[in-house]
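Structure file final35.cif (mmCIF, C-alpha atoms and all ligand atoms) follows.
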```
data_data
#
loop_
_atom_site.group_PDB
_atom_site.id
_atom_site.type_symbol
_atom_site.label_atom_id
_atom_site.label_comp_id
_atom_site.auth_asym_id
_atom_site.auth_seq_id
_atom_site.Cartn_x
_atom_site.Cartn_y
_atom_site.Cartn_z
ATOM 1 C CA MET A 300 -9.621 -105.141 80.523
ATOM 2 C CA SER A 301 -8.757 -101.763 81.843
ATOM 3 C CA TYR A 302 -9.706 -99.236 79.222
ATOM 4 C CA LYS A 303 -10.889 -95.886 80.448
ATOM 5 C CA LYS A 304 -14.565 -95.556 81.321
ATOM 6 C CA SER A 305 -15.036 -93.061 78.483
ATOM 7 C CA VAL A 306 -14.056 -95.767 75.971
ATOM 8 C CA TYR A 307 -16.879 -98.073 77.116
ATOM 9 C CA ILE A 308 -19.351 -95.188 77.167
ATOM 10 C CA LYS A 309 -18.437 -94.199 73.606
ATOM 11 C CA ALA A 310 -18.626 -97.816 72.402
ATOM 12 C CA LYS A 311 -22.075 -98.223 74.004
ATOM 13 C CA GLU A 312 -23.248 -95.014 72.331
ATOM 14 C CA ILE A 313 -22.136 -96.312 68.944
ATOM 15 C CA LEU A 314 -23.944 -99.619 69.552
ATOM 16 C CA ALA A 315 -27.124 -97.872 70.646
ATOM 17 C CA HIS A 316 -26.963 -95.701 67.548
ATOM 18 C CA ARG A 317 -26.529 -98.732 65.281
ATOM 19 C CA LYS A 318 -29.487 -100.474 66.904
ATOM 20 C CA ALA A 319 -31.759 -97.439 66.756
ATOM 21 C CA THR A 320 -30.829 -96.795 63.121
ATOM 22 C CA ALA A 321 -31.510 -100.407 62.115
ATOM 23 C CA GLU A 322 -34.893 -100.336 63.836
ATOM 24 C CA ARG A 323 -35.858 -96.969 62.414
ATOM 25 C CA GLU A 324 -34.948 -98.077 58.907
ATOM 26 C CA ALA A 325 -36.999 -101.252 59.282
ATOM 27 C CA GLU A 326 -39.949 -99.169 60.490
ATOM 28 C CA MET A 327 -39.578 -96.885 57.465
ATOM 29 C CA ARG A 328 -39.494 -99.851 55.085
ATOM 30 C CA ARG A 329 -42.599 -101.218 56.788
ATOM 31 C CA SER A 330 -44.512 -97.974 56.334
ATOM 32 C CA ALA A 331 -43.594 -97.948 52.660
ATOM 33 C CA ALA A 332 -44.628 -101.578 52.188
ATOM 34 C CA VAL A 333 -47.951 -101.133 53.981
ATOM 35 C CA VAL A 334 -48.949 -98.329 51.634
ATOM 36 C CA LEU A 335 -48.553 -100.587 48.611
ATOM 37 C CA CYS A 336 -49.810 -103.700 50.320
ATOM 38 C CA PRO A 337 -52.246 -103.027 53.194
ATOM 39 C CA GLU A 338 -52.890 -106.770 53.675
ATOM 40 C CA ILE A 339 -49.579 -106.865 55.536
ATOM 41 C CA LEU A 340 -51.310 -105.015 58.368
ATOM 42 C CA GLU A 341 -53.925 -107.784 58.626
ATOM 43 C CA VAL A 342 -51.241 -110.476 58.816
ATOM 44 C CA GLU A 343 -49.331 -108.530 61.436
ATOM 45 C CA LYS A 344 -52.522 -108.047 63.484
ATOM 46 C CA GLU A 345 -52.991 -111.790 63.402
ATOM 47 C CA MET A 346 -49.393 -112.385 64.508
ATOM 48 C CA ALA A 347 -49.821 -109.979 67.413
ATOM 49 C CA SER A 348 -53.013 -111.739 68.477
ATOM 50 C CA HIS A 349 -51.041 -115.003 68.837
ATOM 51 C CA GLY A 350 -49.031 -113.445 71.653
ATOM 52 C CA ILE A 351 -52.169 -112.346 73.478
ATOM 53 C CA GLY A 352 -53.588 -115.854 72.978
ATOM 54 C CA VAL A 353 -50.654 -117.384 74.891
ATOM 55 C CA VAL A 354 -51.332 -115.201 77.906
ATOM 56 C CA LYS A 355 -55.024 -116.136 77.850
ATOM 57 C CA ALA A 356 -54.245 -119.835 77.459
ATOM 58 C CA ILE A 357 -51.953 -119.782 80.512
ATOM 59 C CA GLY A 358 -54.695 -118.048 82.500
ATOM 60 C CA MET A 359 -57.292 -120.660 81.506
ATOM 61 C CA GLY A 360 -55.072 -123.612 82.402
ATOM 62 C CA ALA A 361 -55.493 -125.055 78.905
ATOM 63 C CA ASN A 362 -53.221 -127.789 77.546
ATOM 64 C CA LEU A 363 -50.303 -125.492 76.945
ATOM 65 C CA ASP A 364 -48.096 -127.894 74.957
ATOM 66 C CA GLU A 365 -50.816 -128.549 72.449
ATOM 67 C CA TYR A 366 -51.673 -124.886 72.280
ATOM 68 C CA MET A 367 -48.047 -123.815 71.694
ATOM 69 C CA LYS A 368 -47.632 -126.359 68.926
ATOM 70 C CA ASN A 369 -50.641 -125.031 67.088
ATOM 71 C CA LEU A 370 -49.470 -121.518 67.641
ATOM 72 C CA ALA A 371 -46.047 -122.221 66.139
ATOM 73 C CA VAL A 372 -47.714 -123.589 63.037
ATOM 74 C CA ALA A 373 -50.005 -120.554 62.804
ATOM 75 C CA ASN A 374 -47.046 -118.223 63.225
ATOM 76 C CA LEU A 375 -45.034 -119.858 60.484
ATOM 77 C CA LYS A 376 -48.041 -119.661 58.230
ATOM 78 C CA ALA A 377 -48.491 -115.977 58.950
ATOM 79 C CA GLN A 378 -44.819 -115.297 58.286
ATOM 80 C CA ALA A 379 -44.966 -117.189 55.017
ATOM 81 C CA ARG A 380 -48.074 -115.255 54.084
ATOM 82 C CA ARG A 381 -46.328 -111.972 54.828
ATOM 83 C CA LYS A 382 -43.357 -112.967 52.678
ATOM 84 C CA GLU A 383 -45.707 -113.933 49.912
ATOM 85 C CA LEU A 384 -47.507 -110.592 50.094
ATOM 86 C CA LEU A 385 -44.184 -108.737 49.972
ATOM 87 C CA LYS A 386 -43.016 -110.746 47.040
ATOM 88 C CA ASN A 387 -46.228 -110.149 45.111
ATOM 89 C CA ALA A 388 -45.919 -106.429 45.772
ATOM 90 C CA GLY A 389 -42.381 -106.502 44.359
ATOM 91 C CA PHE A 390 -40.405 -106.253 47.618
ATOM 92 C CA PRO A 391 -37.549 -108.531 48.691
ATOM 93 C CA GLU A 392 -38.663 -111.288 51.093
ATOM 94 C CA ASP A 393 -36.608 -109.915 53.969
ATOM 95 C CA TYR A 394 -37.730 -106.355 53.355
ATOM 96 C CA LEU A 395 -39.308 -105.957 56.781
ATOM 97 C CA ASP A 396 -36.515 -107.608 58.747
ATOM 98 C CA ILE A 397 -34.448 -105.388 61.013
ATOM 99 C CA LYS A 398 -30.961 -105.321 59.513
ATOM 100 C CA TYR A 399 -28.634 -105.131 62.482
ATOM 101 C CA THR A 400 -24.916 -104.499 62.039
ATOM 102 C CA CYS A 401 -24.334 -107.629 64.121
ATOM 103 C CA ASP A 402 -26.779 -110.499 63.716
ATOM 104 C CA ILE A 403 -25.335 -112.325 66.718
ATOM 105 C CA CYS A 404 -26.216 -109.751 69.388
ATOM 106 C CA LYS A 405 -28.697 -107.635 67.411
ATOM 107 C CA ASP A 406 -26.535 -104.641 68.291
ATOM 108 C CA THR A 407 -27.052 -105.013 72.025
ATOM 109 C CA GLY A 408 -23.375 -105.858 72.628
ATOM 110 C CA TYR A 409 -24.295 -108.996 74.564
ATOM 111 C CA ASN A 410 -24.258 -112.580 73.432
ATOM 112 C CA GLN A 411 -26.077 -114.308 76.267
ATOM 113 C CA GLU A 412 -24.318 -112.981 79.352
ATOM 114 C CA PHE A 413 -21.016 -112.322 77.556
ATOM 115 C CA TYR A 414 -19.762 -109.353 75.610
ATOM 116 C CA CYS A 415 -20.345 -109.951 71.919
ATOM 117 C CA GLN A 416 -17.330 -110.006 69.603
ATOM 118 C CA CYS A 417 -18.600 -106.915 67.796
ATOM 119 C CA TYR A 418 -18.619 -104.987 71.071
ATOM 120 C CA ARG A 419 -15.095 -106.097 71.954
ATOM 121 C CA LYS A 420 -13.882 -104.983 68.549
ATOM 122 C CA LEU A 421 -15.683 -101.674 68.909
ATOM 123 C CA ILE A 422 -14.011 -101.042 72.272
ATOM 124 C CA ARG A 423 -10.592 -101.651 70.725
ATOM 125 C CA ASP A 424 -11.389 -99.355 67.795
ATOM 126 C CA VAL A 425 -12.542 -96.570 70.108
ATOM 127 C CA ALA A 426 -9.467 -96.995 72.321
ATOM 128 C CA ARG A 427 -7.242 -96.773 69.264
ATOM 129 C CA GLU A 428 -9.028 -93.689 68.009
ATOM 130 C CA ASN A 429 -8.514 -92.101 71.421
ATOM 131 C CA LEU A 430 -4.785 -92.306 70.881
ATOM 132 C CA GLY A 431 -5.214 -89.558 68.313
ATOM 133 C CA VAL A 432 -2.855 -91.265 65.892
ATOM 134 C CA ASN A 433 -5.347 -93.439 64.139
ATOM 135 C CA SER A 434 -3.921 -93.470 60.650
ATOM 136 C CA PRO A 435 -0.225 -93.947 61.428
ATOM 137 C CA LEU A 436 -1.173 -96.430 64.113
ATOM 138 C CA LYS A 437 -2.995 -98.602 61.619
ATOM 139 C CA LYS A 438 0.030 -98.714 59.355
ATOM 140 C CA CYS A 439 2.618 -99.144 62.085
ATOM 141 C CA THR A 440 2.275 -102.761 63.102
ATOM 142 C CA PHE A 441 4.864 -105.491 63.565
ATOM 143 C CA ASP A 442 3.736 -106.972 60.236
ATOM 144 C CA THR A 443 4.637 -103.824 58.324
ATOM 145 C CA PHE A 444 8.069 -103.448 59.902
ATOM 146 C CA ARG A 445 10.761 -104.536 57.444
ATOM 147 C CA VAL A 446 14.033 -105.660 58.938
ATOM 148 C CA ASP A 447 15.528 -106.214 55.460
ATOM 149 C CA ARG A 448 15.565 -102.443 54.965
ATOM 150 C CA TYR A 449 18.441 -102.161 57.384
ATOM 151 C CA PRO A 450 21.903 -102.410 55.816
ATOM 152 C CA ASP A 451 23.843 -105.618 56.203
ATOM 153 C CA ILE A 452 26.954 -103.781 57.442
ATOM 154 C CA MET A 453 28.793 -103.113 60.682
ATOM 155 C CA ASP A 454 27.626 -100.218 62.809
ATOM 156 C CA SER A 455 30.730 -98.182 63.582
ATOM 157 C CA GLY A 456 29.443 -96.930 66.914
ATOM 158 C CA MET A 457 28.200 -100.170 68.437
ATOM 159 C CA GLN A 458 30.343 -102.687 66.551
ATOM 160 C CA VAL A 459 27.332 -104.787 65.580
ATOM 161 C CA ASN A 460 25.875 -105.829 62.247
ATOM 162 C CA GLN A 461 23.082 -103.320 61.726
ATOM 163 C CA ARG A 462 20.532 -105.684 60.222
ATOM 164 C CA GLU A 463 21.196 -108.420 62.760
ATOM 165 C CA HIS A 464 20.986 -105.910 65.574
ATOM 166 C CA MET A 465 17.679 -104.502 64.315
ATOM 167 C CA LYS A 466 16.343 -108.029 63.931
ATOM 168 C CA SER A 467 16.879 -108.576 67.628
ATOM 169 C CA VAL A 468 15.446 -105.140 68.461
ATOM 170 C CA TYR A 469 12.324 -106.039 66.463
ATOM 171 C CA GLN A 470 12.007 -109.394 68.201
ATOM 172 C CA TYR A 471 12.516 -107.831 71.598
ATOM 173 C CA CYS A 472 9.758 -105.259 70.975
ATOM 174 C CA LYS A 473 7.398 -107.927 69.643
ATOM 175 C CA ASP A 474 7.934 -110.140 72.689
ATOM 176 C CA TYR A 475 7.551 -107.100 74.896
ATOM 177 C CA ALA A 476 4.156 -106.252 73.378
ATOM 178 C CA GLU A 477 2.905 -109.834 73.385
ATOM 179 C CA ASN A 478 3.825 -110.305 77.036
ATOM 180 C CA PHE A 479 3.022 -106.815 78.208
ATOM 181 C CA THR A 480 1.632 -106.325 81.695
ATOM 182 C CA THR A 481 1.666 -103.225 83.869
ATOM 183 C CA ASP A 482 4.685 -104.808 85.584
ATOM 184 C CA SER A 483 6.691 -104.645 82.343
ATOM 185 C CA THR A 484 9.830 -102.535 82.331
ATOM 186 C CA GLY A 485 9.973 -99.168 80.577
ATOM 187 C CA LEU A 486 11.815 -98.829 77.263
ATOM 188 C CA PHE A 487 14.236 -96.116 76.230
ATOM 189 C CA MET A 488 14.550 -96.161 72.432
ATOM 190 C CA TYR A 489 17.376 -94.042 71.110
ATOM 191 C CA GLY A 490 19.102 -93.543 67.788
ATOM 192 C CA LYS A 491 19.078 -91.139 64.862
ATOM 193 C CA THR A 492 15.906 -89.939 63.196
ATOM 194 C CA GLY A 493 14.043 -92.227 60.752
ATOM 195 C CA LEU A 494 15.294 -95.548 62.102
ATOM 196 C CA GLY A 495 11.910 -96.972 63.058
ATOM 197 C CA LYS A 496 11.544 -95.940 66.699
ATOM 198 C CA THR A 497 8.092 -94.443 66.183
ATOM 199 C CA HIS A 498 7.035 -97.394 64.052
ATOM 200 C CA LEU A 499 7.993 -99.940 66.690
ATOM 201 C CA SER A 500 6.564 -97.942 69.581
ATOM 202 C CA LEU A 501 3.244 -97.641 67.702
ATOM 203 C CA ALA A 502 3.370 -101.344 66.870
ATOM 204 C CA ILE A 503 3.719 -102.002 70.596
ATOM 205 C CA ALA A 504 0.821 -99.610 71.283
ATOM 206 C CA ASN A 505 -1.358 -101.444 68.739
ATOM 207 C CA GLU A 506 -0.713 -104.847 70.219
ATOM 208 C CA VAL A 507 -1.004 -103.691 73.829
ATOM 209 C CA ILE A 508 -4.350 -101.977 73.100
ATOM 210 C CA ASN A 509 -5.608 -105.123 71.408
ATOM 211 C CA ARG A 510 -4.751 -107.015 74.546
ATOM 212 C CA GLY A 511 -7.036 -104.732 76.535
ATOM 213 C CA TYR A 512 -4.655 -102.230 78.076
ATOM 214 C CA ASP A 513 -5.046 -98.502 78.251
ATOM 215 C CA VAL A 514 -2.314 -96.740 76.255
ATOM 216 C CA TYR A 515 -1.541 -93.052 75.953
ATOM 217 C CA TYR A 516 0.695 -91.962 73.081
ATOM 218 C CA GLY A 517 1.974 -88.500 72.249
ATOM 219 C CA SER A 518 4.984 -86.574 71.061
ATOM 220 C CA VAL A 519 6.689 -84.827 73.955
ATOM 221 C CA GLN A 520 5.730 -81.439 72.507
ATOM 222 C CA SER A 521 2.031 -82.286 72.132
ATOM 223 C CA ILE A 522 1.941 -83.673 75.670
ATOM 224 C CA MET A 523 3.642 -80.555 77.031
ATOM 225 C CA ASP A 524 1.314 -78.242 75.072
ATOM 226 C CA LYS A 525 -1.718 -79.956 76.542
ATOM 227 C CA LEU A 526 -0.315 -79.996 80.066
ATOM 228 C CA GLU A 527 0.515 -76.330 79.806
ATOM 229 C CA ALA A 528 -2.960 -75.474 78.534
ATOM 230 C CA GLU A 529 -4.432 -77.520 81.354
ATOM 231 C CA HIS A 530 -2.160 -75.910 83.930
ATOM 232 C CA PHE A 531 -3.150 -72.427 82.882
ATOM 233 C CA GLY A 532 -6.842 -73.273 82.726
ATOM 234 C CA ARG A 533 -7.125 -73.123 78.927
ATOM 235 C CA LEU A 534 -8.353 -76.693 78.569
ATOM 236 C CA PRO A 535 -11.956 -77.728 79.324
ATOM 237 C CA ARG A 536 -12.088 -79.996 82.356
ATOM 238 C CA GLU A 537 -13.357 -82.958 80.362
ATOM 239 C CA ASP A 538 -10.271 -82.769 78.148
ATOM 240 C CA SER A 539 -7.928 -83.102 81.131
ATOM 241 C CA ILE A 540 -5.062 -85.382 80.218
ATOM 242 C CA LYS A 541 -2.895 -85.241 83.301
ATOM 243 C CA ASP A 542 -4.565 -88.220 84.982
ATOM 244 C CA ASP A 543 -4.489 -90.219 81.731
ATOM 245 C CA ILE A 544 -0.765 -89.612 81.411
ATOM 246 C CA LEU A 545 -0.004 -90.492 84.995
ATOM 247 C CA ASP A 546 -2.379 -93.465 85.333
ATOM 248 C CA CYS A 547 -2.518 -95.191 81.921
ATOM 249 C CA ASP A 548 -1.167 -98.737 81.725
ATOM 250 C CA LEU A 549 1.435 -97.723 79.154
ATOM 251 C CA LEU A 550 2.616 -94.213 78.370
ATOM 252 C CA ILE A 551 4.551 -93.604 75.154
ATOM 253 C CA ILE A 552 6.443 -90.336 74.846
ATOM 254 C CA ASP A 553 7.754 -89.824 71.333
ATOM 255 C CA ASP A 554 10.584 -87.571 70.206
ATOM 256 C CA LEU A 555 12.010 -86.603 73.576
ATOM 257 C CA GLY A 556 14.396 -83.698 73.118
ATOM 258 C CA THR A 557 12.362 -81.948 70.428
ATOM 259 C CA GLU A 558 10.263 -80.058 72.972
ATOM 260 C CA PHE A 559 10.737 -76.370 73.558
ATOM 261 C CA SER A 560 12.629 -76.531 76.835
ATOM 262 C CA THR A 561 11.309 -74.335 79.660
ATOM 263 C CA GLN A 562 11.226 -74.562 83.414
ATOM 264 C CA PHE A 563 7.646 -75.789 83.086
ATOM 265 C CA THR A 564 8.432 -78.595 80.618
ATOM 266 C CA ASN A 565 11.461 -79.760 82.592
ATOM 267 C CA ALA A 566 9.496 -79.895 85.832
ATOM 268 C CA GLU A 567 6.553 -81.670 84.158
ATOM 269 C CA LEU A 568 8.801 -84.192 82.484
ATOM 270 C CA TYR A 569 10.418 -85.079 85.768
ATOM 271 C CA ASN A 570 7.029 -85.258 87.447
ATOM 272 C CA ILE A 571 5.586 -87.605 84.798
ATOM 273 C CA ILE A 572 8.527 -89.969 84.739
ATOM 274 C CA ASN A 573 9.000 -89.972 88.487
ATOM 275 C CA SER A 574 5.280 -90.461 89.251
ATOM 276 C CA ARG A 575 5.109 -93.423 86.915
ATOM 277 C CA ILE A 576 8.200 -95.000 88.410
ATOM 278 C CA LEU A 577 6.694 -94.597 91.885
ATOM 279 C CA ALA A 578 3.420 -96.139 90.660
ATOM 280 C CA SER A 579 5.416 -98.968 88.977
ATOM 281 C CA LEU A 580 3.866 -98.204 85.602
ATOM 282 C CA PRO A 581 5.889 -98.609 82.405
ATOM 283 C CA THR A 582 6.786 -95.746 80.069
ATOM 284 C CA ILE A 583 8.301 -95.964 76.600
ATOM 285 C CA ILE A 584 10.428 -92.997 75.600
ATOM 286 C CA SER A 585 11.922 -92.515 72.172
ATOM 287 C CA THR A 586 14.497 -89.922 71.252
ATOM 288 C CA ASN A 587 16.918 -88.914 68.528
ATOM 289 C CA LEU A 588 19.413 -87.903 71.202
ATOM 290 C CA SER A 589 22.260 -90.123 72.276
ATOM 291 C CA ILE A 590 22.592 -91.089 75.929
ATOM 292 C CA GLU A 591 25.368 -88.487 76.291
ATOM 293 C CA GLU A 592 23.137 -85.815 74.781
ATOM 294 C CA ILE A 593 20.337 -86.696 77.214
ATOM 295 C CA GLY A 594 22.840 -86.113 79.999
ATOM 296 C CA GLU A 595 23.768 -82.726 78.549
ATOM 297 C CA ARG A 596 20.268 -81.551 77.823
ATOM 298 C CA TYR A 597 18.508 -82.525 81.024
ATOM 299 C CA THR A 598 19.471 -82.184 84.646
ATOM 300 C CA GLN A 599 21.132 -85.207 86.115
ATOM 301 C CA ARG A 600 18.061 -86.034 88.132
ATOM 302 C CA VAL A 601 15.858 -86.155 85.005
ATOM 303 C CA ALA A 602 18.441 -88.003 82.889
ATOM 304 C CA SER A 603 19.049 -90.680 85.497
ATOM 305 C CA ARG A 604 15.303 -91.216 85.983
ATOM 306 C CA ILE A 605 14.801 -91.620 82.208
ATOM 307 C CA ILE A 606 17.652 -93.986 81.550
ATOM 308 C CA GLY A 607 17.878 -95.743 84.892
ATOM 309 C CA SER A 608 14.274 -96.928 84.926
ATOM 310 C CA SER A 609 14.216 -98.447 81.438
ATOM 311 C CA MET A 610 15.682 -100.971 79.088
ATOM 312 C CA ALA A 611 17.832 -98.976 76.650
ATOM 313 C CA ILE A 612 17.342 -99.998 73.016
ATOM 314 C CA TYR A 613 19.735 -98.699 70.402
ATOM 315 C CA PHE A 614 18.408 -98.139 66.862
ATOM 316 C CA CYS A 615 20.941 -98.170 64.043
ATOM 317 C CA GLY A 616 20.891 -98.135 60.241
ATOM 318 C CA LYS A 617 20.048 -95.600 57.556
ATOM 319 C CA ASP A 618 16.944 -93.407 57.549
ATOM 320 C CA ILE A 619 14.394 -96.008 56.399
ATOM 321 C CA ARG A 620 11.816 -93.364 55.482
ATOM 322 C CA GLN A 621 14.032 -92.282 52.585
ATOM 323 C CA MET A 622 14.300 -95.773 51.207
ATOM 324 C CA ASP A 623 10.788 -96.064 49.718
HETATM 325 ZN ZN ZN A 701 -22.562 -108.361 68.290
#
```
What does the file become when written as structure tokens?
Amino acid sequence: MSYKKSVYIKAKEILAHRKATAEREAEMRRSAAVVLCPEILEVEKEMASHGIGVVKAIGMGANLDEYMKNLAVANLKAQARRKELLKNAGFPEDYLDIKYTCDICKDTGYNQEFYCQCYRKLIRDVARENLGVNSPLKKCTFDTFRVDRYPDIMDSGMQVNQREHMKSVYQYCKDYAENFTTDSTGLFMYGKTGLGKTHLSLAIANEVINRGYDVYYGSVQSIMDKLEAEHFGRLPREDSIKDDILDCDLLIIDDLGTEFSTQFTNAELYNIINSRILASLPTIISTNLSIEEIGERYTQRVASRIIGSSMAIYFCGKDIRQMD
């Protein structure tokens, strides 16, 4: 797995918080129970003395097996007695138990020497949240993409059946996500607005994150705004995104062509795309512009870097967002 360090740190913080909360709550329940039923304190004192007894027994060289057997019996008795006391005082039997979020690892994140499932899930959730597109990301999966929304007619531009074509686009993106590695090719998704480019690029992001890769997603304008703020010193150092953009396993730039074009944005765009090509890291770019329009809008050096380094995927059909 190659998530950013900050993702693991955040996930560990959440775990530690869960554990501390569970323990504090159990302690609070205990205090409440002891007030109504002070005998619990006696039973607990007895249970604690068992532990001290073991240490003494080892020191005295006593028959340890025999001793441990007796101790286990005494412990069970004490536990049963405590349950009984709770019950009589009107509390649930498990009232004093620590209620961890995860019973397997008791909120430590480790199951023996391995990461517990709950911790792995937490890491994925934090990584997804870091994308900053949590809610659309959740909705935009391969399962929620509907190929039958595309018309079963010929596309005049490409001379293909639109639905059939989009079926193969969908399958291509799904395979891409399922087999993603940092050696994967970049994708250049183009076609008119509302044809599912953002949906499929987020579906790829979802799957790729789940497989343990570090993904950065942003619209070209939001990326440029942040880079500009960073460049002019308006962004706190800890919010620096330049390294994330250049080094992440998969960068997704949405809506290319909608940015406010300046010398700064053009230079940054070239720098991002070129740096990632040199580092052999894949980038997915989506745009409402046609290939010709990319050529007109950007300098030849930018346009050829964008298109030449990627697999071009044409999106056709009618605006699916208006078909709900
Ligand atoms: Zn766990």
query = When the PyMOL selection byres (((not hetatm)) within 7 of (chain A and resi 701)) is applied to the file above, which residues end up in the set, as a count of residues only?
reply = 14
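Close to (14.3, -94.3, 76.7), meaning no more than 8 Å away when counting all atoms listed in the file, sit the residues Gly485, Leu486, Phe487, Met488, Tyr489, Ile583, Ile584, Ser585, Thr586, Ile605, Ile606, Ser609, Met610, Ala611 and Ile612 of chain A.
Taking CA of Tyr597 (chain A) and CA of Leu545 (chain A) as endpoints, the distance between them is 20.5 Å.
The two atoms in question, CA of Val514 (chain A) and CA of Cys439 (chain A), are spaced 15.2 Å apart.
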request  = To verify the selection step, state as a ChimeraX atom specification which residues the PyMOL selection byres (((chain A and resi 553) around 7) and not hetatm) yields on this input.
outcome  = /A:497,517-519,551-552,554-555,584-586
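Distance-wise, CA of Leu363 (chain A) and CA of Glu341 (chain A) end up 25.7 Å apart.
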ask   = Quick one: which residues end up in the PyMOL selection byres (((chain A and resi 468) around 10) and not hetatm) for this structure, as JSON, numbers by chain?
value = {"A": [446, 462, 463, 464, 465, 466, 467, 469, 470, 471, 472, 473, 474, 488, 499, 612, 613, 614, 615]}
key: Option closest in space to Val507 (chain A), from A:Asp424, A:Glu529, A:Asp548, A:Glu365 [counting all atoms listed in the file]   = A:Asp548
request  = Compile the contact shell of Asn565 (chain A) as a list in words: residues with an atom at most 10 Å away, counting all atoms listed in the file, same-chain residues fewer than 4 positions apart removed.
outcome  = Met523, Glu558, Phe559, Ser560, Thr561, Tyr569, Asn570, Tyr597, Thr598 and Val601 of chain A
Non-local contacts of Ile540 (chain A) (8 Å; all atoms listed in the file; under 2 positions in same chain excluded) as a list in words = Lys525, Leu526, Glu529, Asp538, Asp542, Asp543 and Ile544 of chain A
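Nearest residue to Asn369 (chain A) among A:Lys496, A:Glu312, A:Pro581, A:His349 is A:His349, counting all atoms listed in the file.
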Size and centre in Å, one decimal, axis-aligned box, all listed region 333-338 of chain A atoms plus 4 Å per side, as JSON:
```
{"center_x": -50.4, "center_y": -102.5, "center_z": 51.3, "size_x": 12.9, "size_y": 16.4, "size_z": 13.4}
```
Spatial neighbours of Val333 (chain A), 12 Å, all atoms listed in the file, chain gap at least 6 places, as a PyMOL selection string = chain A and resi 326-327+339-343+381+384-385+388+390+394-395
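The shortest atom-to-atom distance to Ala502 (chain A), with only C-alpha atoms taken into account, belongs to A:Lys438 out of A:Lys304, A:Lys438, A:Lys541, A:Arg448.
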Shortest interatomic distance to Asp524 (chain A) - which of A:Thr484, A:Gln378, A:Asn505, A:Thr564, counting all atoms listed in the file = A:Thr564
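Closest to Tyr302 (chain A) among A:His316, A:Arg596, A:Lys355, A:Arg510 is A:Arg510, based on only C-alpha atoms.
For the choices A:Thr481, A:Glu324, A:Asn374, A:Lys368, the atom-to-atom distance to Ala347 (chain A) is smallest for A:Asn374 when using all atoms listed in the file.
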